[in-house]
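Engineer: My structure is in entry_6.pdb, and what it holds is PDB, C-alpha atoms:
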ATOM      1  CA  MET A  20       5.354  22.690 -45.613
ATOM      2  CA  LEU A  21       7.422  21.073 -42.886
ATOM      3  CA  LEU A  22       8.433  23.539 -40.199
ATOM      4  CA  LEU A  23      11.579  22.500 -38.365
ATOM      5  CA  LEU A  24      12.489  24.472 -35.283
ATOM      6  CA  PRO A  25      16.161  25.304 -35.856
ATOM      7  CA  ARG A  26      16.964  26.096 -32.251
ATOM      8  CA  LEU A  27      15.556  22.730 -31.188
ATOM      9  CA  PHE A  28      17.385  20.334 -33.469
ATOM     10  CA  THR A  29      19.116  19.823 -36.777
ATOM     11  CA  ILE A  30      17.631  17.157 -38.981
ATOM     12  CA  PRO A  31      19.925  15.243 -41.346
ATOM     13  CA  PRO A  32      19.632  16.516 -44.945
ATOM     14  CA  PHE A  33      18.357  13.210 -46.336
ATOM     15  CA  VAL A  34      15.600  13.036 -43.704
ATOM     16  CA  ALA A  35      14.595  16.644 -44.281
ATOM     17  CA  LEU A  36      14.392  16.007 -48.018
ATOM     18  CA  ALA A  37      12.182  12.961 -47.511
ATOM     19  CA  LEU A  38       9.834  14.849 -45.232
ATOM     20  CA  VAL A  39       9.523  17.924 -47.413
ATOM     21  CA  SER A  40       9.018  15.985 -50.618
ATOM     22  CA  ALA A  41       6.435  13.752 -48.925
ATOM     23  CA  ALA A  42       4.226  16.637 -47.895
ATOM     24  CA  PRO A  43       4.335  19.602 -50.303
ATOM     25  CA  ASP A  44       0.737  20.539 -49.468
ATOM     26  CA  SER A  45       0.490  19.322 -45.883
ATOM     27  CA  SER A  46      -0.206  21.445 -42.849
ATOM     28  CA  THR A  47       2.813  22.526 -40.851
ATOM     29  CA  LEU A  48       4.625  19.820 -38.915
ATOM     30  CA  GLN A  49       6.793  20.871 -36.007
ATOM     31  CA  VAL A  50       9.501  18.537 -34.755
ATOM     32  CA  ASP A  51      11.127  19.129 -31.376
ATOM     33  CA  GLN A  52      13.789  16.490 -30.923
ATOM     34  CA  ALA A  53      14.900  17.768 -27.510
ATOM     35  CA  ALA A  54      11.378  17.405 -26.124
ATOM     36  CA  GLY A  55      10.754  14.212 -28.088
ATOM     37  CA  GLN A  56       7.587  15.486 -29.720
ATOM     38  CA  VAL A  57       5.899  16.123 -33.052
ATOM     39  CA  SER A  58       2.942  18.459 -33.502
ATOM     40  CA  PHE A  59       0.649  19.179 -36.431
ATOM     41  CA  ASP A  60      -2.373  21.311 -37.210
ATOM     42  CA  ALA A  61      -5.950  20.034 -37.391
ATOM     43  CA  ARG A  62      -9.516  21.182 -36.716
ATOM     44  CA  VAL A  63     -12.391  19.809 -34.664
ATOM     45  CA  ALA A  64     -14.496  17.512 -36.824
ATOM     46  CA  ARG A  65     -18.269  17.620 -37.058
ATOM     47  CA  GLN A  66     -19.831  15.202 -34.579
ATOM     48  CA  GLY A  67     -23.018  13.157 -34.934
ATOM     49  CA  VAL A  68     -22.940  13.109 -38.725
ATOM     50  CA  TYR A  69     -24.845   9.820 -38.837
ATOM     51  CA  GLU A  70     -27.538   9.294 -36.205
ATOM     52  CA  GLN A  71     -27.247   5.515 -36.407
ATOM     53  CA  LEU A  72     -23.689   5.675 -35.010
ATOM     54  CA  LYS A  73     -25.103   7.068 -31.748
ATOM     55  CA  GLY A  74     -22.101   9.309 -31.188
ATOM     56  CA  VAL A  75     -19.534   6.509 -31.451
ATOM     57  CA  ILE A  76     -16.106   7.536 -32.726
ATOM     58  CA  GLU A  77     -13.358   5.240 -33.955
ATOM     59  CA  TYR A  78     -10.528   7.699 -34.521
ATOM     60  CA  ILE A  79      -8.639  10.496 -32.818
ATOM     61  CA  ALA A  80      -7.431  11.983 -36.085
ATOM     62  CA  CYS A  81      -7.909  11.475 -39.803
ATOM     63  CA  CYS A  82      -6.937  13.389 -42.904
ATOM     64  CA  ARG A  83      -9.409  14.812 -45.374
ATOM     65  CA  GLY A  84     -10.777  11.861 -47.301
ATOM     66  CA  GLY A  85     -10.450   9.519 -44.316
ATOM     67  CA  LYS A  86     -13.240   8.588 -41.904
ATOM     68  CA  GLU A  87     -14.037  12.207 -41.063
ATOM     69  CA  TYR A  88     -17.484  11.276 -39.720
ATOM     70  CA  GLU A  89     -16.048   9.043 -36.962
ATOM     71  CA  THR A  90     -13.161  11.133 -35.685
ATOM     72  CA  LEU A  91     -12.442  13.950 -33.268
ATOM     73  CA  PHE A  92     -10.071  15.885 -35.505
ATOM     74  CA  VAL A  93      -9.398  16.308 -39.224
ATOM     75  CA  SER A  94      -6.016  17.394 -40.545
ATOM     76  CA  ASP A  95      -4.296  18.280 -43.811
ATOM     77  CA  ALA A  96      -1.084  16.671 -42.553
ATOM     78  CA  ASP A  97       0.553  14.249 -44.954
ATOM     79  CA  PRO A  98       0.543  10.749 -43.365
ATOM     80  CA  LEU A  99       3.956   9.859 -44.777
ATOM     81  CA  ALA A 100       5.492  13.109 -43.543
ATOM     82  CA  LEU A 101       3.985  12.540 -40.098
ATOM     83  CA  ARG A 102       5.342   8.992 -39.986
ATOM     84  CA  GLU A 103       8.839  10.157 -40.911
ATOM     85  CA  ALA A 104       8.658  12.947 -38.330
ATOM     86  CA  LEU A 105       7.857  10.432 -35.580
ATOM     87  CA  VAL A 106      10.717   8.215 -36.703
ATOM     88  CA  SER A 107      13.036  11.244 -36.658
ATOM     89  CA  ILE A 108      12.514  11.736 -32.888
ATOM     90  CA  GLY A 109      13.682   8.187 -32.233
ATOM     91  CA  LEU A 110      10.506   6.103 -32.451
ATOM     92  CA  GLU A 111      10.802   2.682 -34.060
ATOM     93  CA  PRO A 112       7.507   1.588 -35.700
ATOM     94  CA  GLY A 113       5.879  -1.422 -34.095
ATOM     95  CA  SER A 114       2.995  -3.520 -35.397
ATOM     96  CA  PRO A 115      -0.807  -3.076 -35.356
ATOM     97  CA  ALA A 116      -3.302  -5.348 -33.650
ATOM     98  CA  ARG A 117      -4.007  -8.486 -35.645
ATOM     99  CA  GLN A 118      -5.854 -11.786 -35.621
ATOM    100  CA  GLU A 119      -4.121 -15.000 -36.576
ATOM    101  CA  GLY A 120      -5.520 -18.491 -36.096
ATOM    102  CA  GLY A 121      -8.091 -17.313 -33.595
ATOM    103  CA  HIS A 122      -5.476 -15.447 -31.577
ATOM    104  CA  GLU A 123      -5.730 -11.676 -31.307
ATOM    105  CA  SER A 124      -2.606  -9.682 -30.484
ATOM    106  CA  LEU A 125      -2.659  -6.151 -29.125
ATOM    107  CA  PRO A 126      -0.903  -3.284 -30.911
ATOM    108  CA  ARG A 127       2.805  -3.038 -30.223
ATOM    109  CA  GLY A 128       5.084  -0.053 -30.567
ATOM    110  CA  PRO A 129       6.862   2.702 -28.646
ATOM    111  CA  PRO A 130       4.527   4.719 -26.406
ATOM    112  CA  ILE A 131       3.246   8.193 -27.228
ATOM    113  CA  ARG A 132       1.254  10.681 -25.163
ATOM    114  CA  ILE A 133      -1.209  12.824 -27.114
ATOM    115  CA  PHE A 134      -2.218  16.373 -26.199
ATOM    116  CA  VAL A 135      -4.425  19.000 -27.810
ATOM    117  CA  SER A 136      -3.718  22.735 -27.846
ATOM    118  CA  TRP A 137      -6.208  25.385 -28.967
ATOM    119  CA  LYS A 138      -7.199  28.990 -28.365
ATOM    120  CA  GLN A 139     -10.323  29.898 -26.440
ATOM    121  CA  ASP A 140     -11.364  33.325 -25.181
ATOM    122  CA  GLY A 141      -7.993  34.705 -26.233
ATOM    123  CA  ARG A 142      -6.059  32.143 -24.199
ATOM    124  CA  THR A 143      -4.068  29.123 -25.303
ATOM    125  CA  ARG A 144      -5.410  25.979 -23.654
ATOM    126  CA  GLN A 145      -4.025  22.458 -23.603
ATOM    127  CA  SER A 146      -5.557  19.138 -22.557
ATOM    128  CA  ALA A 147      -4.730  15.469 -22.801
ATOM    129  CA  VAL A 148      -6.643  14.035 -25.753
ATOM    130  CA  GLU A 149      -8.411  11.589 -23.408
ATOM    131  CA  ASP A 150     -10.316  14.552 -21.933
ATOM    132  CA  PHE A 151     -12.324  14.677 -25.172
ATOM    133  CA  ILE A 152     -13.253  10.973 -25.162
ATOM    134  CA  THR A 153     -15.955   9.231 -23.140
ATOM    135  CA  ASP A 154     -15.396   5.592 -22.226
ATOM    136  CA  THR A 155     -18.930   4.201 -22.413
ATOM    137  CA  ALA A 156     -18.005   1.419 -19.976
ATOM    138  CA  THR A 157     -17.506   3.964 -17.202
ATOM    139  CA  GLY A 158     -19.354   7.027 -18.479
ATOM    140  CA  LYS A 159     -16.248   9.061 -17.629
ATOM    141  CA  ALA A 160     -13.373  10.557 -19.569
ATOM    142  CA  MET A 161     -10.962   7.994 -20.938
ATOM    143  CA  THR A 162      -8.055   7.199 -18.626
ATOM    144  CA  PRO A 163      -4.715   8.641 -19.884
ATOM    145  CA  VAL A 164      -3.132   6.175 -22.290
ATOM    146  CA  GLU A 165       0.316   5.611 -23.728
ATOM    147  CA  TRP A 166      -0.667   5.167 -27.370
ATOM    148  CA  ALA A 167       1.303   2.740 -29.557
ATOM    149  CA  PHE A 168       3.217   3.981 -32.605
ATOM    150  CA  THR A 169       2.455   1.070 -34.918
ATOM    151  CA  GLY A 170       3.681   2.907 -38.014
ATOM    152  CA  SER A 171       1.064   1.664 -40.512
ATOM    153  CA  GLN A 172       1.761  -1.146 -43.012
ATOM    154  CA  PRO A 173       3.573  -1.159 -46.353
ATOM    155  CA  ALA A 174       1.348  -1.089 -49.440
ATOM    156  CA  ARG A 175       1.631  -0.515 -53.171
ATOM    157  CA  HIS A 176      -0.012   2.658 -54.404
ATOM    158  CA  PRO A 177      -2.762   1.644 -56.869
ATOM    159  CA  GLU A 178      -2.120   4.625 -59.152
ATOM    160  CA  THR A 179       1.677   4.898 -59.189
ATOM    161  CA  GLY A 180       2.616   1.315 -58.369
ATOM    162  CA  GLU A 181       5.193   2.614 -55.901
ATOM    163  CA  MET A 182       5.528   1.271 -52.382
ATOM    164  CA  THR A 183       4.109   3.475 -49.639
ATOM    165  CA  PHE A 184       2.147   2.960 -46.414
ATOM    166  CA  LYS A 185      -1.544   2.164 -46.003
ATOM    167  CA  ALA A 186      -2.157   5.347 -44.009
ATOM    168  CA  VAL A 187      -1.396   7.294 -47.193
ATOM    169  CA  LEU A 188      -4.248   5.429 -48.909
ATOM    170  CA  THR A 189      -6.856   5.299 -46.128
ATOM    171  CA  ARG A 190      -6.066   8.821 -44.802
ATOM    172  CA  ASN A 191      -6.559   7.635 -41.206
ATOM    173  CA  LEU A 192      -3.929   8.547 -38.605
ATOM    174  CA  ILE A 193      -4.775   7.623 -34.986
ATOM    175  CA  SER A 194      -7.400   5.030 -34.038
ATOM    176  CA  LEU A 195      -9.320   4.149 -30.897
ATOM    177  CA  HIS A 196     -10.111   0.643 -32.098
ATOM    178  CA  HIS A 197      -8.066  -2.243 -33.512
ATOM    179  CA  LEU A 198      -9.968  -2.855 -36.740
ATOM    180  CA  ASP A 199      -7.908  -0.512 -38.914
ATOM    181  CA  PRO A 200      -4.259  -1.634 -39.199
ATOM    182  CA  SER A 201      -3.472   1.171 -41.632
ATOM    183  CA  VAL A 202      -3.164   3.930 -39.016
ATOM    184  CA  LEU A 203       0.095   5.270 -37.624
ATOM    185  CA  VAL A 204      -0.946   5.135 -33.958
ATOM    186  CA  GLN A 205      -3.343   2.742 -32.197
ATOM    187  CA  ASN A 206      -5.032   2.440 -28.823
ATOM    188  CA  PRO A 207      -3.002  -0.268 -27.016
ATOM    189  CA  LEU A 208      -5.765  -1.248 -24.569
ATOM    190  CA  GLU A 209      -7.879  -4.379 -24.802
ATOM    191  CA  ALA A 210     -10.881  -2.023 -24.842
ATOM    192  CA  GLY A 211      -9.798  -1.109 -28.369
ATOM    193  CA  ARG A 212     -11.176  -4.442 -29.551
ATOM    194  CA  ASP A 213     -14.665  -2.972 -29.121
ATOM    195  CA  ASP A 214     -15.283  -0.564 -32.006
ATOM    196  CA  GLY A 215     -18.278   0.914 -30.148
ATOM    197  CA  ARG A 216     -16.510   1.599 -26.859
ATOM    198  CA  TYR A 217     -15.791   5.330 -27.221
ATOM    199  CA  GLN A 218     -17.764   8.511 -27.874
ATOM    200  CA  ALA A 219     -16.830  12.169 -28.249
ATOM    201  CA  ARG A 220     -17.025  14.013 -24.928
ATOM    202  CA  LEU A 221     -19.037  16.921 -26.264
ATOM    203  CA  GLU A 222     -19.053  18.909 -23.026
ATOM    204  CA  SER A 223     -15.278  19.384 -23.236
ATOM    205  CA  LEU A 224     -14.635  19.217 -26.993
ATOM    206  CA  PRO A 225     -14.124  22.654 -28.617
ATOM    207  CA  ALA A 226     -16.685  23.753 -31.189
ATOM    208  CA  GLU A 227     -16.789  22.217 -34.655
ATOM    209  CA  GLY A 228     -14.166  23.721 -36.934
ATOM    210  CA  THR A 229     -11.993  25.071 -34.117
ATOM    211  CA  PRO A 230      -8.317  25.048 -35.178
ATOM    212  CA  ILE A 231      -6.232  22.875 -32.873
ATOM    213  CA  THR A 232      -2.715  21.487 -32.669
ATOM    214  CA  LEU A 233      -2.169  17.807 -31.943
ATOM    215  CA  ILE A 234       0.992  17.135 -29.945
ATOM    216  CA  LEU A 235       2.507  13.641 -29.957
ATOM    217  CA  ARG A 236       5.142  13.315 -27.238
ATOM    218  CA  ILE A 237       7.406  10.540 -26.021
ATOM    219  CA  PRO A 238       6.610   9.898 -22.318
ATOM    220  CA  ARG A 239       9.205  10.774 -19.733
ATOM    221  CA  ARG A 240      10.883   7.791 -18.149
ATOM    222  CA  GLU A 241      12.541   7.574 -14.756
ATOM    223  CA  GLU A 242      15.327  10.093 -14.504
ATOM    224  CA  ALA A 243      18.186  10.636 -12.091
ATOM    225  CA  GLY A 244      17.201  12.095  -8.767
ATOM    226  CA  SER A 245      19.241  15.287  -9.089
ATOM    227  CA  ILE A 246      17.317  18.506  -9.746
ATOM    228  CA  ALA A 247      18.553  20.318 -12.850
ATOM    229  CA  PRO A 248      19.236  24.072 -12.887
ATOM    230  CA  GLY A 249      16.015  25.997 -13.431
ATOM    231  CA  GLU A 250      13.918  23.148 -12.002
ATOM    232  CA  ARG A 251      12.254  22.717  -8.643
ATOM    233  CA  ARG A 252      10.630  19.825  -6.780
ATOM    234  CA  ILE A 253       7.687  19.952  -4.382
ATOM    235  CA  HIS A 254       6.321  17.374  -1.943
ATOM    236  CA  TRP A 255       2.805  18.181  -0.746
ATOM    237  CA  VAL A 256       0.104  16.690   1.423
ATOM    238  CA  VAL A 257      -3.262  18.156   0.410
ATOM    239  CA  ARG A 258      -6.132  18.203   2.907
ATOM    240  CA  GLY A 259      -9.832  18.833   2.419
ATOM    241  CA  ARG A 260     -12.404  17.190   0.138
ATOM    242  CA  VAL A 261      -9.806  15.571  -2.098
ATOM    243  CA  GLN A 262     -10.722  11.886  -2.253
ATOM    244  CA  GLY A 263     -13.578  10.490  -4.300
ATOM    245  CA  VAL A 264     -13.762  13.666  -6.418
ATOM    246  CA  GLY A 265     -11.236  12.873  -9.172
ATOM    247  CA  PHE A 266      -8.418  14.794  -7.499
ATOM    248  CA  ARG A 267      -5.660  12.322  -8.398
ATOM    249  CA  ALA A 268      -6.764  12.102 -12.043
ATOM    250  CA  PHE A 269      -6.942  15.899 -12.204
ATOM    251  CA  THR A 270      -3.445  16.143 -10.723
ATOM    252  CA  GLN A 271      -2.023  13.634 -13.187
ATOM    253  CA  ARG A 272      -3.645  15.257 -16.225
ATOM    254  CA  THR A 273      -2.388  18.679 -15.164
ATOM    255  CA  ALA A 274       1.147  17.368 -14.661
ATOM    256  CA  LEU A 275       1.183  15.544 -18.000
ATOM    257  CA  ILE A 276       0.075  18.673 -19.845
ATOM    258  CA  LEU A 277       2.834  20.690 -18.169
ATOM    259  CA  ASP A 278       5.365  17.901 -18.786
ATOM    260  CA  LEU A 279       6.201  17.491 -15.094
ATOM    261  CA  ARG A 280       7.611  14.373 -13.469
ATOM    262  CA  GLY A 281       6.384  12.826 -10.228
ATOM    263  CA  TRP A 282       3.447  10.984  -8.682
ATOM    264  CA  VAL A 283       0.251  11.324  -6.632
ATOM    265  CA  ARG A 284      -1.528   8.928  -4.255
ATOM    266  CA  ASN A 285      -4.315   8.775  -1.657
ATOM    267  CA  LEU A 286      -3.483   8.477   2.032
ATOM    268  CA  PRO A 287      -5.543   6.468   4.575
ATOM    269  CA  SER A 288      -6.190   9.735   6.425
ATOM    270  CA  GLY A 289      -8.304  11.050   3.528
ATOM    271  CA  GLU A 290      -5.510  13.310   2.321
ATOM    272  CA  VAL A 291      -3.630  13.271  -0.979
ATOM    273  CA  GLU A 292       0.159  13.164  -1.236
ATOM    274  CA  LEU A 293       2.069  14.283  -4.316
ATOM    275  CA  VAL A 294       5.589  14.925  -5.567
ATOM    276  CA  ALA A 295       6.179  17.022  -8.686
ATOM    277  CA  GLN A 296       9.280  18.321 -10.416
ATOM    278  CA  GLY A 297       9.942  20.477 -13.443
ATOM    279  CA  PRO A 298      10.811  23.944 -14.718
ATOM    280  CA  GLU A 299       9.956  26.785 -12.364
ATOM    281  CA  GLY A 300       7.283  28.317 -14.612
ATOM    282  CA  ALA A 301       5.477  25.032 -15.256
ATOM    283  CA  LEU A 302       5.644  24.037 -11.593
ATOM    284  CA  LYS A 303       4.193  27.379 -10.516
ATOM    285  CA  GLU A 304       1.239  26.908 -12.876
ATOM    286  CA  PHE A 305       0.803  23.363 -11.526
ATOM    287  CA  GLU A 306       0.733  24.644  -7.939
ATOM    288  CA  GLU A 307      -1.939  27.216  -8.802
ATOM    289  CA  LYS A 308      -4.176  24.602 -10.431
ATOM    290  CA  ILE A 309      -3.752  22.054  -7.644
ATOM    291  CA  THR A 310      -4.555  24.687  -5.034
ATOM    292  CA  ARG A 311      -7.935  25.184  -6.746
ATOM    293  CA  GLY A 312      -8.472  21.495  -7.480
ATOM    294  CA  PRO A 313     -11.080  19.957  -9.803
ATOM    295  CA  ARG A 314     -14.798  20.633  -9.707
ATOM    296  CA  GLY A 315     -16.350  19.016  -6.636
ATOM    297  CA  SER A 316     -13.185  19.212  -4.559
ATOM    298  CA  LYS A 317     -12.275  21.651  -1.810
ATOM    299  CA  VAL A 318      -8.648  22.201  -0.886
ATOM    300  CA  GLU A 319      -8.498  23.394   2.720
ATOM    301  CA  HIS A 320      -4.801  23.139   3.538
ATOM    302  CA  ILE A 321      -1.517  22.194   1.883
ATOM    303  CA  GLU A 322       1.451  21.023   3.919
ATOM    304  CA  ALA A 323       4.854  21.209   2.250
ATOM    305  CA  LEU A 324       7.149  18.337   3.276
ATOM    306  CA  GLU A 325      10.862  17.814   2.923
ATOM    307  CA  THR A 326      11.526  16.105  -0.384
ATOM    308  CA  ALA A 327      14.357  13.704  -1.120
ATOM    309  CA  ALA A 328      16.252  15.067  -4.113
ATOM    310  CA  GLU A 329      17.750  11.632  -4.812
ATOM    311  CA  GLU A 330      14.368   9.995  -5.550
ATOM    312  CA  LYS A 331      14.172   9.128  -9.228
ATOM    313  CA  LEU A 332      11.107  10.544 -10.945
ATOM    314  CA  GLY A 333       9.619   9.569 -14.285
ATOM    315  CA  GLU A 334       6.419  10.486 -16.105
ATOM    316  CA  PHE A 335       3.756  11.624 -13.650
ATOM    317  CA  THR A 336       1.757   8.614 -12.408
ATOM    318  CA  ILE A 337      -0.992   7.713  -9.965
ATOM    319  CA  ARG A 338       0.497   5.428  -7.334
ATOM    320  CA  PRO A 339      -1.462   2.877  -5.313
ATOM    321  CA  SER A 340      -2.951   4.267  -2.105
ATOM    322  CA  SER A 341      -0.639   4.302   0.898
ATOM    323  CA  GLU A 342      -1.492   1.850   3.665
TER
END
Produce structure tokens that represent the structure in this file.
Structural biologist:
Amino acid sequence: MLLLLPRLFTIPPFVALALVSAAPDSSTLQVDQAAGQVSFDARVARQGVYEQLKGVIEYIACCRGGKEYETLFVSDADPLALREALVSIGLEPGSPARQEGGHESLPRGPPIRIFVSWKQDGRTRQSAVEDFITDTATGKAMTPVEWAFTGSQPARHPETGEMTFKAVLTRNLISLHHLDPSVLVQNPLEAGRDDGRYQARLESLPAEGTPITLILRIPRREEAGSIAPGERRIHWVVRGRVQGVGFRAFTQRTALILDLRGWVRNLPSGEVELVAQGPEGALKEFEEKITRGPRGSKVEHIEALETAAEEKLGEFTIRPSSE
């Protein structure tokens, strides 16, 4: 069943028909054209199925029948329906990583941010998907990535003879490495060339079998400096133990989850400066989290500065340190 949110957008009849017919037994897909996002249901996969893999994962998400033993999440979503849903929010499929004549090209395609929502202790929680992945090169959580919508590759179905996409056959959806061109979304980083680079971050990953929702969202780009009705902008300098403790990364992850625009950077004085803008409710939640800070930090004082409303703000980024 494809769940369209009627108050969010109207999908053309021919697109709706294609999506519904493609996924009669799939989990619910939600398409929010205004927000530029698609979400679908999944569950946390069993980790460490094969000891010889040493915890290495190659996928973010697969369907049942895909590489369930090397992924974070398993879904009943129909790959073709998911592909069409992503196209319906304005994404043009790119091309997967490939090797030709000794030359290896990186994945290409419009960028997507990926988030995970789940319920824990009666509360709905949301994190960037990178929070559940360990980069073995650093031993830390994977840096937030703009994943590439490669769109899979055309293929002929061996049973029906009809043309489809390889993701329908392999049942794999989102990959961390570049070895599987069949997926819909690939890791665009050069690190994706190493199929042993990433592991599940078990200390943050919800328990096996936990129902989750995967949210695929188009990143915000630079927008006009004016502040829309119902929005607010803050400009803070944060003092205390806020450098060398992951404060900027924590700030960025929090802002991305809340879909806020802005930036954060270190100051030579040992302080952290940030600008954030968004809806009042989301910004209030952001302020509460930043006031507490990440583990290991200690926020002692926050100074609110005058903020220039004409500054254009895009997706929340970490800027180079101020000199």
Engineer: For the contact check between range 101-190 of chain A and range 211-231 of chain A, emit one row per residue of range 101-190 of chain A within 7 Å, containing the shortest atom pair and the distance in Å rounded to one decimal, counting all atoms listed in the file, chain then rising number order, as JSON lines.
Structural biologist:
{"residue": "A:Val135", "atom": "CA", "partner": "A:Ile231", "partner_atom": "CA", "distance": 6.6}
{"residue": "A:Ser136", "atom": "CA", "partner": "A:Ile231", "partner_atom": "CA", "distance": 5.6}
{"residue": "A:Trp137", "atom": "CA", "partner": "A:Ile231", "partner_atom": "CA", "distance": 4.6}
{"residue": "A:Phe151", "atom": "CA", "partner": "A:Arg220", "partner_atom": "CA", "distance": 4.8}
{"residue": "A:Ile152", "atom": "CA", "partner": "A:Arg220", "partner_atom": "CA", "distance": 4.9}
{"residue": "A:Thr153", "atom": "CA", "partner": "A:Gln218", "partner_atom": "CA", "distance": 5.1}
{"residue": "A:Asp154", "atom": "CA", "partner": "A:Tyr217", "partner_atom": "CA", "distance": 5.0}
{"residue": "A:Thr155", "atom": "CA", "partner": "A:Arg216", "partner_atom": "CA", "distance": 5.7}
Engineer: Could you expand the PyMOL selection byres ((chain A and resi 308) around 12) into the explicit residues it covers here, written as number ranges by chain?
Structural biologist: A: 266, 269-274, 276-277, 301-307, 309-314, 318
Engineer: Compile the contact shell of Arg190 in chain A as a PDB file with C-alpha atoms, in the coordinates of the input: residues with an atom at most 8 Å away, counting only C-alpha atoms, same-chain residues fewer than 2 positions apart removed.
Structural biologist:
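After the write, selection.pdb holds the following:
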ATOM      1  CA  CYS A  81      -7.909  11.475 -39.803  1.00  0.00           C
ATOM      2  CA  CYS A  82      -6.937  13.389 -42.904  1.00  0.00           C
ATOM      3  CA  ARG A  83      -9.409  14.812 -45.374  1.00  0.00           C
ATOM      4  CA  GLY A  84     -10.777  11.861 -47.301  1.00  0.00           C
ATOM      5  CA  GLY A  85     -10.450   9.519 -44.316  1.00  0.00           C
ATOM      6  CA  LYS A  86     -13.240   8.588 -41.904  1.00  0.00           C
ATOM      7  CA  PRO A  98       0.543  10.749 -43.365  1.00  0.00           C
ATOM      8  CA  ALA A 186      -2.157   5.347 -44.009  1.00  0.00           C
ATOM      9  CA  VAL A 187      -1.396   7.294 -47.193  1.00  0.00           C
ATOM     10  CA  LEU A 188      -4.248   5.429 -48.909  1.00  0.00           C
ATOM     11  CA  LEU A 192      -3.929   8.547 -38.605  1.00  0.00           C
TER      12      LEU A 192
END
Engineer: Just so the selection is clear, what residues does the PyMOL selection byres ((chain A and resi 54) around 10) cover here, as an MDAnalysis selection string?
Structural biologist: chainID A and resid 27:28 50:53 55:57 108 236:239 278
Engineer: Find the distance between CA of Ser171 in chain A and CA of Ala156 in chain A and write it in Å to one decimal.
Structural biologist: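 Distance reported for this atom pair: 28.0 Å.
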Engineer: Mind rebuilding range 147-158 of chain A with N, CA and C atoms and writing that out as a compact mmCIF listing (two decimals), keeping the file's coordinate frame?
Structural biologist:
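For reference, part-v8.txt as written:
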# COMPACT_ATOMS: atom_id res chain seq x y z
N ALA A 147 -5.00 16.81 -22.30
CA ALA A 147 -4.73 15.47 -22.80
C ALA A 147 -5.88 15.07 -23.71
N VAL A 148 -5.60 14.37 -24.79
CA VAL A 148 -6.64 14.04 -25.75
C VAL A 148 -7.75 13.20 -25.12
N GLU A 149 -7.40 12.43 -24.06
CA GLU A 149 -8.41 11.59 -23.41
C GLU A 149 -9.53 12.41 -22.78
N ASP A 150 -9.28 13.70 -22.51
CA ASP A 150 -10.32 14.55 -21.93
C ASP A 150 -11.49 14.75 -22.88
N PHE A 151 -11.28 14.47 -24.17
CA PHE A 151 -12.32 14.68 -25.17
C PHE A 151 -13.01 13.37 -25.57
N ILE A 152 -12.72 12.30 -24.82
CA ILE A 152 -13.25 10.97 -25.16
C ILE A 152 -13.99 10.40 -23.96
N THR A 153 -15.19 9.92 -24.18
CA THR A 153 -15.96 9.23 -23.14
C THR A 153 -15.82 7.73 -23.32
N ASP A 154 -15.42 7.06 -22.26
CA ASP A 154 -15.40 5.59 -22.23
C ASP A 154 -16.79 5.15 -21.80
N THR A 155 -17.53 4.55 -22.71
CA THR A 155 -18.93 4.20 -22.41
C THR A 155 -19.05 3.15 -21.32
N ALA A 156 -17.96 2.43 -21.04
CA ALA A 156 -18.00 1.42 -19.98
C ALA A 156 -18.06 2.06 -18.60
N THR A 157 -17.53 3.27 -18.49
CA THR A 157 -17.51 3.96 -17.20
C THR A 157 -18.35 5.23 -17.20
N GLY A 158 -18.63 5.77 -18.38
CA GLY A 158 -19.35 7.03 -18.48
C GLY A 158 -18.48 8.22 -18.17
